[in-house]
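So this one's input39.pdb, PDB, C-alpha atoms and all ligand atoms:
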```
ATOM      1  CA  MET A  30     -23.852  -6.670  92.250
ATOM      2  CA  ARG A  31     -25.506  -3.696  90.600
ATOM      3  CA  GLU A  32     -23.307  -0.685  90.030
ATOM      4  CA  ASN A  33     -24.232   2.564  91.608
ATOM      5  CA  LYS A  34     -26.064   4.246  88.751
ATOM      6  CA  GLN A  35     -25.317   7.700  90.109
ATOM      7  CA  SER A  36     -21.551   7.251  89.846
ATOM      8  CA  LYS A  37     -21.958   6.362  86.157
ATOM      9  CA  LEU A  38     -23.879   9.493  85.286
ATOM     10  CA  PRO A  39     -21.742  11.783  83.124
ATOM     11  CA  ALA A  40     -21.320  15.343  84.413
ATOM     12  CA  MET A  41     -23.837  17.694  82.801
ATOM     13  CA  PRO A  42     -22.153  19.830  80.126
ATOM     14  CA  LEU A  43     -21.851  23.525  80.901
ATOM     15  CA  LEU A  44     -22.956  24.303  77.363
ATOM     16  CA  ALA A  45     -24.834  21.925  75.094
ATOM     17  CA  ALA A  46     -26.167  22.649  71.618
ATOM     18  CA  THR A  47     -28.147  20.225  69.490
ATOM     19  CA  GLY A  48     -29.646  20.329  66.006
ATOM     20  CA  LEU A  49     -28.578  23.905  65.323
ATOM     21  CA  ARG A  50     -29.358  25.190  61.869
ATOM     22  CA  LYS A  51     -28.995  28.648  60.337
ATOM     23  CA  SER A  52     -29.378  29.708  56.715
ATOM     24  CA  PHE A  53     -28.635  33.046  55.106
ATOM     25  CA  GLY A  54     -30.581  33.138  51.836
ATOM     26  CA  GLY A  55     -29.327  30.137  49.900
ATOM     27  CA  ILE A  56     -26.371  29.417  52.194
ATOM     28  CA  THR A  57     -26.806  27.016  55.095
ATOM     29  CA  ALA A  58     -24.024  28.318  57.330
ATOM     30  CA  VAL A  59     -24.754  25.901  60.199
ATOM     31  CA  ASN A  60     -26.419  22.638  59.335
ATOM     32  CA  ASN A  61     -27.722  20.449  62.161
ATOM     33  CA  ALA A  62     -24.656  21.066  64.315
ATOM     34  CA  GLU A  63     -24.106  19.927  67.868
ATOM     35  CA  LEU A  64     -21.460  20.894  70.385
ATOM     36  CA  SER A  65     -20.842  20.618  74.090
ATOM     37  CA  VAL A  66     -18.442  22.153  76.579
ATOM     38  CA  GLU A  67     -17.632  20.310  79.788
ATOM     39  CA  PRO A  68     -17.371  22.376  82.964
ATOM     40  CA  GLY A  69     -13.782  23.379  83.691
ATOM     41  CA  SER A  70     -12.596  22.566  80.174
ATOM     42  CA  ILE A  71     -10.873  24.438  77.392
ATOM     43  CA  THR A  72     -12.720  23.282  74.294
ATOM     44  CA  GLY A  73     -11.651  24.059  70.733
ATOM     45  CA  LEU A  74     -13.792  24.723  67.659
ATOM     46  CA  ILE A  75     -11.929  24.474  64.380
ATOM     47  CA  GLY A  76     -12.723  24.183  60.682
ATOM     48  CA  PRO A  77     -11.767  25.711  57.330
ATOM     49  CA  ASN A  78     -12.683  29.305  56.442
ATOM     50  CA  GLY A  79     -16.427  29.659  55.989
ATOM     51  CA  ALA A  80     -17.154  26.424  57.898
ATOM     52  CA  GLY A  81     -19.729  28.208  60.063
ATOM     53  CA  LYS A  82     -17.726  28.598  63.289
ATOM     54  CA  THR A  83     -18.548  32.262  63.931
ATOM     55  CA  THR A  84     -22.188  31.655  62.991
ATOM     56  CA  LEU A  85     -22.232  28.802  65.513
ATOM     57  CA  PHE A  86     -20.818  31.183  68.175
ATOM     58  CA  ASN A  87     -23.537  33.685  67.274
ATOM     59  CA  LEU A  88     -26.142  30.961  67.798
ATOM     60  CA  LEU A  89     -24.621  29.722  71.063
ATOM     61  CA  SER A  90     -24.657  33.219  72.527
ATOM     62  CA  ASN A  91     -28.131  33.920  71.064
ATOM     63  CA  PHE A  92     -26.648  36.802  69.097
ATOM     64  CA  ILE A  93     -28.689  35.510  66.177
ATOM     65  CA  GLU A  94     -31.738  33.248  66.269
ATOM     66  CA  PRO A  95     -31.425  29.693  64.957
ATOM     67  CA  ASP A  96     -33.811  28.360  62.288
ATOM     68  CA  SER A  97     -33.963  25.298  64.498
ATOM     69  CA  GLY A  98     -32.094  23.688  67.365
ATOM     70  CA  ARG A  99     -31.518  24.242  71.029
ATOM     71  CA  VAL A 100     -28.804  25.700  73.254
ATOM     72  CA  ILE A 101     -28.657  24.942  76.965
ATOM     73  CA  PHE A 102     -26.220  26.887  79.125
ATOM     74  CA  ASP A 103     -25.753  25.861  82.747
ATOM     75  CA  GLY A 104     -28.990  23.919  82.664
ATOM     76  CA  LYS A 105     -31.121  26.682  81.111
ATOM     77  CA  PRO A 106     -32.135  27.416  77.498
ATOM     78  CA  VAL A 107     -30.530  30.590  76.119
ATOM     79  CA  GLN A 108     -33.337  31.234  73.626
ATOM     80  CA  ASN A 109     -35.392  34.302  74.546
ATOM     81  CA  LEU A 110     -32.533  35.737  76.608
ATOM     82  CA  GLN A 111     -30.830  39.018  75.679
ATOM     83  CA  SER A 112     -27.010  39.171  75.502
ATOM     84  CA  HIS A 113     -26.761  40.973  78.855
ATOM     85  CA  GLN A 114     -28.977  38.344  80.520
ATOM     86  CA  ILE A 115     -26.780  35.584  79.115
ATOM     87  CA  ALA A 116     -23.721  37.448  80.451
ATOM     88  CA  GLN A 117     -25.394  37.686  83.864
ATOM     89  CA  GLN A 118     -25.894  33.923  83.781
ATOM     90  CA  GLY A 119     -22.177  33.520  83.135
ATOM     91  CA  MET A 120     -21.550  33.205  79.383
ATOM     92  CA  VAL A 121     -19.655  35.938  77.541
ATOM     93  CA  ARG A 122     -18.052  36.077  74.117
ATOM     94  CA  THR A 123     -15.495  38.020  72.160
ATOM     95  CA  PHE A 124     -15.598  38.839  68.459
ATOM     96  CA  GLN A 125     -13.394  37.798  65.534
ATOM     97  CA  VAL A 126     -12.612  41.475  64.990
ATOM     98  CA  ALA A 127     -12.192  42.906  68.502
ATOM     99  CA  ARG A 128     -15.037  45.292  69.349
ATOM    100  CA  VAL A 129     -13.448  47.818  71.642
ATOM    101  CA  LEU A 130     -14.605  51.415  71.744
ATOM    102  CA  SER A 131     -11.617  53.262  70.304
ATOM    103  CA  LYS A 132     -12.574  56.722  71.546
ATOM    104  CA  MET A 133     -12.968  55.560  75.142
ATOM    105  CA  SER A 134     -10.124  54.794  77.504
ATOM    106  CA  VAL A 135      -9.021  51.254  78.230
ATOM    107  CA  LEU A 136     -10.454  51.549  81.755
ATOM    108  CA  GLU A 137     -13.779  52.930  80.470
ATOM    109  CA  ASN A 138     -14.022  49.956  78.103
ATOM    110  CA  MET A 139     -13.612  47.664  81.099
ATOM    111  CA  LEU A 140     -16.224  49.485  83.181
ATOM    112  CA  LEU A 141     -18.790  49.326  80.378
ATOM    113  CA  ALA A 142     -18.862  45.558  80.736
ATOM    114  CA  ALA A 143     -19.809  45.616  84.400
ATOM    115  CA  GLN A 144     -23.257  44.278  85.123
ATOM    116  CA  LYS A 145     -25.931  45.269  87.592
ATOM    117  CA  GLN A 146     -24.528  48.700  88.352
ATOM    118  CA  THR A 147     -26.640  50.615  90.806
ATOM    119  CA  GLY A 148     -25.725  53.714  88.808
ATOM    120  CA  GLU A 149     -27.861  52.512  85.912
ATOM    121  CA  ASN A 150     -31.006  53.583  87.777
ATOM    122  CA  PHE A 151     -31.539  57.320  88.128
ATOM    123  CA  TRP A 152     -33.681  57.089  91.288
ATOM    124  CA  ARG A 153     -31.173  54.876  93.039
ATOM    125  CA  ILE A 154     -28.434  57.418  92.255
ATOM    126  CA  TRP A 155     -30.670  60.169  93.639
ATOM    127  CA  PHE A 156     -31.441  58.366  96.902
ATOM    128  CA  ASN A 157     -28.279  56.408  97.337
ATOM    129  CA  SER A 158     -25.383  58.318  95.822
ATOM    130  CA  SER A 159     -22.793  57.164  98.384
ATOM    131  CA  LYS A 160     -23.548  53.543  97.502
ATOM    132  CA  VAL A 161     -23.135  54.379  93.800
ATOM    133  CA  ILE A 162     -19.764  56.019  94.459
ATOM    134  CA  GLN A 163     -18.673  53.034  96.533
ATOM    135  CA  GLU A 164     -19.776  50.632  93.817
ATOM    136  CA  GLU A 165     -17.949  52.612  91.121
ATOM    137  CA  ARG A 166     -14.762  52.575  93.186
ATOM    138  CA  SER A 167     -14.952  48.857  93.689
ATOM    139  CA  LEU A 168     -15.620  48.278  89.967
ATOM    140  CA  SER A 169     -12.634  50.467  89.054
ATOM    141  CA  ARG A 170     -10.465  48.476  91.451
ATOM    142  CA  LYS A 171     -11.667  45.228  89.957
ATOM    143  CA  ALA A 172     -11.029  46.540  86.417
ATOM    144  CA  MET A 173      -7.531  47.683  87.359
ATOM    145  CA  ASP A 174      -6.770  44.294  88.962
ATOM    146  CA  ILE A 175      -7.797  42.480  85.784
ATOM    147  CA  LEU A 176      -5.862  44.947  83.581
ATOM    148  CA  ASP A 177      -2.863  44.438  85.822
ATOM    149  CA  SER A 178      -3.121  40.659  85.472
ATOM    150  CA  VAL A 179      -2.845  40.989  81.670
ATOM    151  CA  GLY A 180      -0.157  43.680  81.679
ATOM    152  CA  LEU A 181      -2.452  46.491  80.495
ATOM    153  CA  ALA A 182      -2.677  48.477  83.748
ATOM    154  CA  ASN A 183      -0.220  51.093  82.488
ATOM    155  CA  LYS A 184      -2.521  51.693  79.474
ATOM    156  CA  ALA A 185      -5.670  52.223  81.578
ATOM    157  CA  ASP A 186      -5.982  55.918  80.661
ATOM    158  CA  ASP A 187      -4.960  55.539  77.009
ATOM    159  CA  TYR A 188      -7.558  55.511  74.261
ATOM    160  CA  ALA A 189      -8.404  51.892  73.413
ATOM    161  CA  GLY A 190      -7.861  52.930  69.781
ATOM    162  CA  ALA A 191      -4.174  53.523  70.554
ATOM    163  CA  LEU A 192      -3.626  49.848  71.474
ATOM    164  CA  SER A 193      -2.027  47.388  69.062
ATOM    165  CA  GLY A 194      -4.315  44.812  67.426
ATOM    166  CA  GLY A 195      -3.116  42.146  69.856
ATOM    167  CA  GLN A 196      -3.628  44.378  72.887
ATOM    168  CA  ARG A 197      -7.154  45.147  71.692
ATOM    169  CA  LYS A 198      -7.890  41.419  71.607
ATOM    170  CA  LEU A 199      -6.464  41.137  75.105
ATOM    171  CA  LEU A 200      -8.609  44.061  76.280
ATOM    172  CA  GLU A 201     -11.690  42.354  74.867
ATOM    173  CA  ILE A 202     -10.875  39.181  76.815
ATOM    174  CA  ALA A 203     -10.080  41.191  79.961
ATOM    175  CA  ARG A 204     -13.401  43.020  79.581
ATOM    176  CA  ALA A 205     -15.229  39.681  79.334
ATOM    177  CA  LEU A 206     -13.798  38.768  82.754
ATOM    178  CA  MET A 207     -15.439  41.792  84.407
ATOM    179  CA  THR A 208     -18.729  39.869  84.561
ATOM    180  CA  GLU A 209     -17.098  36.950  86.433
ATOM    181  CA  PRO A 210     -18.116  34.451  83.761
ATOM    182  CA  LYS A 211     -18.365  30.675  83.985
ATOM    183  CA  LEU A 212     -17.730  30.313  80.246
ATOM    184  CA  VAL A 213     -15.885  32.578  77.806
ATOM    185  CA  LEU A 214     -16.281  32.125  74.044
ATOM    186  CA  LEU A 215     -13.223  33.414  72.183
ATOM    187  CA  ASP A 216     -13.404  33.904  68.398
ATOM    188  CA  GLU A 217      -9.832  33.662  67.066
ATOM    189  CA  PRO A 218      -7.957  35.197  70.020
ATOM    190  CA  ALA A 219      -4.606  34.657  68.286
ATOM    191  CA  ALA A 220      -5.457  36.045  64.828
ATOM    192  CA  GLY A 221      -3.211  38.979  63.922
ATOM    193  CA  VAL A 222      -1.442  38.786  67.293
ATOM    194  CA  ASN A 223       2.350  38.595  67.536
ATOM    195  CA  PRO A 224       3.828  35.271  68.744
ATOM    196  CA  THR A 225       5.016  36.645  72.108
ATOM    197  CA  LEU A 226       1.571  37.988  72.932
ATOM    198  CA  ILE A 227      -0.057  34.736  71.692
ATOM    199  CA  ASN A 228       2.047  32.828  74.251
ATOM    200  CA  GLN A 229       1.039  35.261  76.964
ATOM    201  CA  ILE A 230      -2.648  34.989  76.071
ATOM    202  CA  CYS A 231      -2.352  31.171  76.250
ATOM    203  CA  GLN A 232      -0.754  31.428  79.700
ATOM    204  CA  TYR A 233      -3.532  33.761  80.897
ATOM    205  CA  ILE A 234      -6.175  31.331  79.618
ATOM    206  CA  ILE A 235      -4.497  28.461  81.501
ATOM    207  CA  THR A 236      -4.427  30.564  84.688
ATOM    208  CA  TRP A 237      -8.095  31.595  84.340
ATOM    209  CA  ARG A 238      -9.094  27.984  83.750
ATOM    210  CA  ARG A 239      -7.327  27.058  86.995
ATOM    211  CA  GLN A 240      -9.486  29.690  88.659
ATOM    212  CA  GLY A 241     -12.563  27.832  87.388
ATOM    213  CA  ILE A 242     -13.434  29.573  84.103
ATOM    214  CA  SER A 243     -14.219  27.351  81.108
ATOM    215  CA  PHE A 244     -13.389  28.348  77.529
ATOM    216  CA  LEU A 245     -14.658  27.615  74.043
ATOM    217  CA  ILE A 246     -12.095  28.800  71.511
ATOM    218  CA  ILE A 247     -12.303  29.191  67.742
ATOM    219  CA  GLU A 248      -8.786  29.276  66.361
ATOM    220  CA  HIS A 249      -6.906  28.625  63.120
ATOM    221  CA  ASN A 250      -3.565  28.540  64.959
ATOM    222  CA  MET A 251      -3.144  24.805  65.566
ATOM    223  CA  ASP A 252      -0.334  25.298  68.107
ATOM    224  CA  VAL A 253      -2.787  27.214  70.273
ATOM    225  CA  ILE A 254      -5.471  24.521  69.880
ATOM    226  CA  MET A 255      -3.015  21.675  70.544
ATOM    227  CA  SER A 256      -1.464  23.271  73.597
ATOM    228  CA  LEU A 257      -4.671  24.522  75.251
ATOM    229  CA  CYS A 258      -7.608  22.293  74.443
ATOM    230  CA  ASP A 259      -8.926  19.226  76.231
ATOM    231  CA  ARG A 260     -11.332  18.475  73.401
ATOM    232  CA  VAL A 261     -11.832  19.818  69.917
ATOM    233  CA  TRP A 262     -14.927  20.016  67.717
ATOM    234  CA  VAL A 263     -14.439  20.208  63.951
ATOM    235  CA  LEU A 264     -16.950  21.900  61.691
ATOM    236  CA  ALA A 265     -16.904  21.712  57.887
ATOM    237  CA  GLU A 266     -19.505  23.223  55.584
ATOM    238  CA  GLY A 267     -21.728  23.871  58.593
ATOM    239  CA  ARG A 268     -21.764  20.247  59.764
ATOM    240  CA  ASN A 269     -19.993  18.357  62.537
ATOM    241  CA  LEU A 270     -17.049  16.537  61.024
ATOM    242  CA  ALA A 271     -15.360  15.141  64.137
ATOM    243  CA  HIS A 272     -14.710  15.684  67.800
ATOM    244  CA  GLY A 273     -12.083  14.298  70.124
ATOM    245  CA  THR A 274      -8.812  15.057  71.839
ATOM    246  CA  PRO A 275      -6.399  17.339  69.958
ATOM    247  CA  VAL A 276      -4.213  14.313  69.087
ATOM    248  CA  GLU A 277      -7.202  12.334  67.786
ATOM    249  CA  ILE A 278      -8.239  15.316  65.680
ATOM    250  CA  GLN A 279      -4.711  15.836  64.371
ATOM    251  CA  ASN A 280      -4.595  12.222  63.214
ATOM    252  CA  ASN A 281      -8.094  12.135  61.730
ATOM    253  CA  PRO A 282      -7.832  11.783  57.908
ATOM    254  CA  LYS A 283     -11.306  13.344  57.415
ATOM    255  CA  VAL A 284     -10.101  16.513  59.141
ATOM    256  CA  LEU A 285      -6.980  16.704  57.005
ATOM    257  CA  GLU A 286      -9.081  16.226  53.874
ATOM    258  CA  ALA A 287     -11.469  19.025  54.907
ATOM    259  CA  TYR A 288      -8.555  21.415  55.371
ATOM    260  CA  LEU A 289      -6.733  20.468  52.180
ATOM    261  CA  GLY A 290      -9.924  20.374  50.105
ATOM    262  CA  LYS A 291     -11.182  17.443  48.075
TER     263      LYS A 291
HETATM  264  N1  LIG B   1     -24.864  37.572  58.041
HETATM  265  C1  LIG B   1     -24.586  36.754  57.022
HETATM  266  N2  LIG B   1     -25.223  36.892  55.836
HETATM  267  C2  LIG B   1     -24.970  36.059  54.805
HETATM  268  N3  LIG B   1     -24.066  35.054  54.840
HETATM  269  C3  LIG B   1     -23.397  34.873  55.983
HETATM  270  C4  LIG B   1     -23.613  35.707  57.130
HETATM  271  N4  LIG B   1     -22.801  35.279  58.131
HETATM  272  C5  LIG B   1     -22.116  34.234  57.627
HETATM  273  N5  LIG B   1     -22.454  33.998  56.354
HETATM  274  C6  LIG B   1     -21.936  32.905  55.493
HETATM  275  O1  LIG B   1     -22.023  31.716  56.243
HETATM  276  C7  LIG B   1     -20.886  30.900  56.010
HETATM  277  C8  LIG B   1     -20.185  30.639  57.335
HETATM  278  O2  LIG B   1     -19.570  31.849  57.800
HETATM  279  P1  LIG B   1     -18.832  31.966  59.192
HETATM  280  O3  LIG B   1     -18.392  33.374  59.325
HETATM  281  O4  LIG B   1     -19.693  31.418  60.252
HETATM  282  O5  LIG B   1     -17.586  30.996  58.966
HETATM  283  P2  LIG B   1     -16.261  30.807  59.850
HETATM  284  O6  LIG B   1     -16.106  29.327  60.020
HETATM  285  O7  LIG B   1     -16.326  31.641  61.059
HETATM  286  O8  LIG B   1     -15.130  31.329  58.857
HETATM  287  P3  LIG B   1     -13.715  32.045  59.200
HETATM  288  O9  LIG B   1     -12.787  30.943  59.628
HETATM  289  O10 LIG B   1     -13.299  32.600  57.869
HETATM  290  O11 LIG B   1     -13.954  33.083  60.225
HETATM  291  C9  LIG B   1     -20.030  31.640  54.991
HETATM  292  O12 LIG B   1     -20.349  31.146  53.713
HETATM  293  C10 LIG B   1     -20.459  33.078  55.164
HETATM  294  O13 LIG B   1     -20.272  33.798  53.978
HETATM  295 MG    MG B   2     -15.197  33.182  61.816
END
```

Go ahead and render the structure in this file as structure tokens.
Amino acid sequence: MRENKQSKLPAMPLLAATGLRKSFGGITAVNNAELSVEPGSITGLIGPNGAGKTTLFNLLSNFIEPDSGRVIFDGKPVQNLQSHQIAQQGMVRTFQVARVLSKMSVLENMLLAAQKQTGENFWRIWFNSSKVIQEERSLSRKAMDILDSVGLANKADDYAGALSGGQRKLLEIARALMTEPKLVLLDEPAAGVNPTLINQICQYIITWRRQGISFLIIEHNMDVIMSLCDRVWVLAEGRNLAHGTPVEIQNNPKVLEAYLGK
């Protein structure tokens, strides 16, 4: 009897990149790389310093243009889309060095991330100011709820610049959640963060995943990768070196060699 072909179809990845290439002068930072993120997964991206991980993130989020290759997010190509349009479609990213606005309050940083605010349009404010006020209140409530869920509610009125390095990273992740994303790209969320806060961040990520958010995480901290990720992609010198479960990756001699150097 023939098998039902439909049941054998693999689920479409939430994010799929193929043949990505990016050179800076003489350096090919990303060289024909591919990567995919399954819906509902926590996927890791690892590799030695300078392997091209951040450049790959920049390509995935269309922050920079690839020399060649293709990125499909949620069934649509990201090329030609601006960052805010990609965020509206449900993909947001954080940066290796957290980009919070130090001279603004923690709450203001959160509100800046909110999309589609009626208040952005002068004429709508003019004709519809009660709606704008209502919308601002509801955004503030949402921001405070998210801050509360990551233990930053009591810092809402503090300058973001007064936060510790780890708290700034947390604020950047919290801010990413304001747009109700389907996929969050985190570039080294644990770097420079104290071990207690790293554990907390991991717990938050697990909770958010349960709520349906997928993650792609660059991280050098292998405990974080091992404890969080369903699958891991390894990049070395801009190329795909391996991908598999964390245990498969941990036991892959090619990966060990790439980290220890030849
Ligand atoms: N804007 C740029 N101009 C020139 N070279 C760049 C640029 N961005 C990245 N590179 C180079 O591309 C290579 C890959 O850098 P990238 O930052 O993507 O690596 P990474 O894997 O994120 O490293 P790390 O683990 O240290 O963060 C490096 O050799 C880097 O110097
Ligand atoms: Mg990097």

Selection result of the PyMOL selection byres (((not hetatm)) within 9 of (chain B and resi 1)) on this file, as a CSV table (one decimal) with C-alpha atoms, in the coordinates of the input:
```csv
chain,number,residue,atom,x,y,z
A,51,LYS,CA,-29.0,28.6,60.3
A,52,SER,CA,-29.4,29.7,56.7
A,53,PHE,CA,-28.6,33.0,55.1
A,54,GLY,CA,-30.6,33.1,51.8
A,55,GLY,CA,-29.3,30.1,49.9
A,56,ILE,CA,-26.4,29.4,52.2
A,57,THR,CA,-26.8,27.0,55.1
A,58,ALA,CA,-24.0,28.3,57.3
A,59,VAL,CA,-24.8,25.9,60.2
A,75,ILE,CA,-11.9,24.5,64.4
A,76,GLY,CA,-12.7,24.2,60.7
A,77,PRO,CA,-11.8,25.7,57.3
A,78,ASN,CA,-12.7,29.3,56.4
A,79,GLY,CA,-16.4,29.7,56.0
A,80,ALA,CA,-17.2,26.4,57.9
A,81,GLY,CA,-19.7,28.2,60.1
A,82,LYS,CA,-17.7,28.6,63.3
A,83,THR,CA,-18.5,32.3,63.9
A,84,THR,CA,-22.2,31.7,63.0
A,85,LEU,CA,-22.2,28.8,65.5
A,86,PHE,CA,-20.8,31.2,68.2
A,87,ASN,CA,-23.5,33.7,67.3
A,125,GLN,CA,-13.4,37.8,65.5
A,216,ASP,CA,-13.4,33.9,68.4
A,217,GLU,CA,-9.8,33.7,67.1
A,247,ILE,CA,-12.3,29.2,67.7
A,248,GLU,CA,-8.8,29.3,66.4
A,249,HIS,CA,-6.9,28.6,63.1
A,264,LEU,CA,-17.0,21.9,61.7
A,265,ALA,CA,-16.9,21.7,57.9
A,266,GLU,CA,-19.5,23.2,55.6
A,267,GLY,CA,-21.7,23.9,58.6
```

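Here the PyMOL selection byres (((chain A and resi 127) around 9) and not hetatm) captures the residues Thr123, Phe124, Gln125, Val126, Arg128, Val129, Gly194, Arg197, Lys198, Leu199, Leu200, Glu201 and Pro218 of chain A.
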
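Across A:Leu181, A:Pro68, A:Leu74, A:His113, the tightest approach to ligand MG 2 (chain B) is made by A:Leu74 when counting all atoms listed in the file.
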
Spatial neighbours of Val100 of chain A, max dist 6 Å, all atoms listed in the file, sep filter under 5 positions, as a list in words: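 After dropping sequence-adjacent residues, the list is Ala45, Ala46, Pro106 and Val107 of chain A.
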
Expanded to explicit residues, what is the PyMOL selection byres (((chain A and resi 101) around 12) and not hetatm) for this file, as a ChimeraX atom specification? /A:41-49,63-66,88-91,98-100,102-110,115,118,120

Give me a file of those residues, with C-alpha atoms, as a PDB file, in the coordinates of the input.
```pdb
ATOM      1  CA  MET A  41     -23.837  17.694  82.801  1.00  0.00           C
ATOM      2  CA  PRO A  42     -22.153  19.830  80.126  1.00  0.00           C
ATOM      3  CA  LEU A  43     -21.851  23.525  80.901  1.00  0.00           C
ATOM      4  CA  LEU A  44     -22.956  24.303  77.363  1.00  0.00           C
ATOM      5  CA  ALA A  45     -24.834  21.925  75.094  1.00  0.00           C
ATOM      6  CA  ALA A  46     -26.167  22.649  71.618  1.00  0.00           C
ATOM      7  CA  THR A  47     -28.147  20.225  69.490  1.00  0.00           C
ATOM      8  CA  GLY A  48     -29.646  20.329  66.006  1.00  0.00           C
ATOM      9  CA  LEU A  49     -28.578  23.905  65.323  1.00  0.00           C
ATOM     10  CA  GLU A  63     -24.106  19.927  67.868  1.00  0.00           C
ATOM     11  CA  LEU A  64     -21.460  20.894  70.385  1.00  0.00           C
ATOM     12  CA  SER A  65     -20.842  20.618  74.090  1.00  0.00           C
ATOM     13  CA  VAL A  66     -18.442  22.153  76.579  1.00  0.00           C
ATOM     14  CA  LEU A  88     -26.142  30.961  67.798  1.00  0.00           C
ATOM     15  CA  LEU A  89     -24.621  29.722  71.063  1.00  0.00           C
ATOM     16  CA  SER A  90     -24.657  33.219  72.527  1.00  0.00           C
ATOM     17  CA  ASN A  91     -28.131  33.920  71.064  1.00  0.00           C
ATOM     18  CA  GLY A  98     -32.094  23.688  67.365  1.00  0.00           C
ATOM     19  CA  ARG A  99     -31.518  24.242  71.029  1.00  0.00           C
ATOM     20  CA  VAL A 100     -28.804  25.700  73.254  1.00  0.00           C
ATOM     21  CA  PHE A 102     -26.220  26.887  79.125  1.00  0.00           C
ATOM     22  CA  ASP A 103     -25.753  25.861  82.747  1.00  0.00           C
ATOM     23  CA  GLY A 104     -28.990  23.919  82.664  1.00  0.00           C
ATOM     24  CA  LYS A 105     -31.121  26.682  81.111  1.00  0.00           C
ATOM     25  CA  PRO A 106     -32.135  27.416  77.498  1.00  0.00           C
ATOM     26  CA  VAL A 107     -30.530  30.590  76.119  1.00  0.00           C
ATOM     27  CA  GLN A 108     -33.337  31.234  73.626  1.00  0.00           C
ATOM     28  CA  ASN A 109     -35.392  34.302  74.546  1.00  0.00           C
ATOM     29  CA  LEU A 110     -32.533  35.737  76.608  1.00  0.00           C
ATOM     30  CA  ILE A 115     -26.780  35.584  79.115  1.00  0.00           C
ATOM     31  CA  GLN A 118     -25.894  33.923  83.781  1.00  0.00           C
ATOM     32  CA  MET A 120     -21.550  33.205  79.383  1.00  0.00           C
TER      33      MET A 120
END
```

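Our summary of the geometry notes that atom CA of Leu215 of chain A is positioned 15.3 Å from atom CA of Gly69 of chain A.
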
For a quick check of understanding, using all atoms listed in the file, which of A:Val253, A:Leu206, A:Leu245, A:Ala185 has the smallest distance to Ala220 of chain A?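 Counting all atoms listed in the file, the residue closest to Ala220 of chain A is A:Val253.
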
Quick one: residues within 7 Å of His272 of chain A, only C-alpha atoms counted, chain neighbours fewer than 6 positions away excluded, as number ranges by chain? A: 261-263, 278

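Put simply, atom CA of Ile246 of chain A is 17.5 Å away from atom CA of Arg268 of chain A.
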
Could you check how far atom CA of Ser97 of chain A sits from atom CA of Asn60 of chain A, in Å to one decimal? 9.5 Å

Coordinates of box centre and edge lengths for segment 171-183 of chain A, 4 Å on every side, axis-aligned, as lines of an AutoDock Vina configuration file:
```
center_x = -5.9
center_y = 45.9
center_z = 85.2
size_x = 19.5
size_y = 18.4
size_z = 17.5
```

Please provide as a ChimeraX atom specification all residues within 10 Å of Ile71 of chain A, with the sequence filter that same-chain residues fewer than 2 positions apart are discarded (counting only C-alpha atoms). /A:66-69,73,212-214,234-235,238,242-246,254,257-261
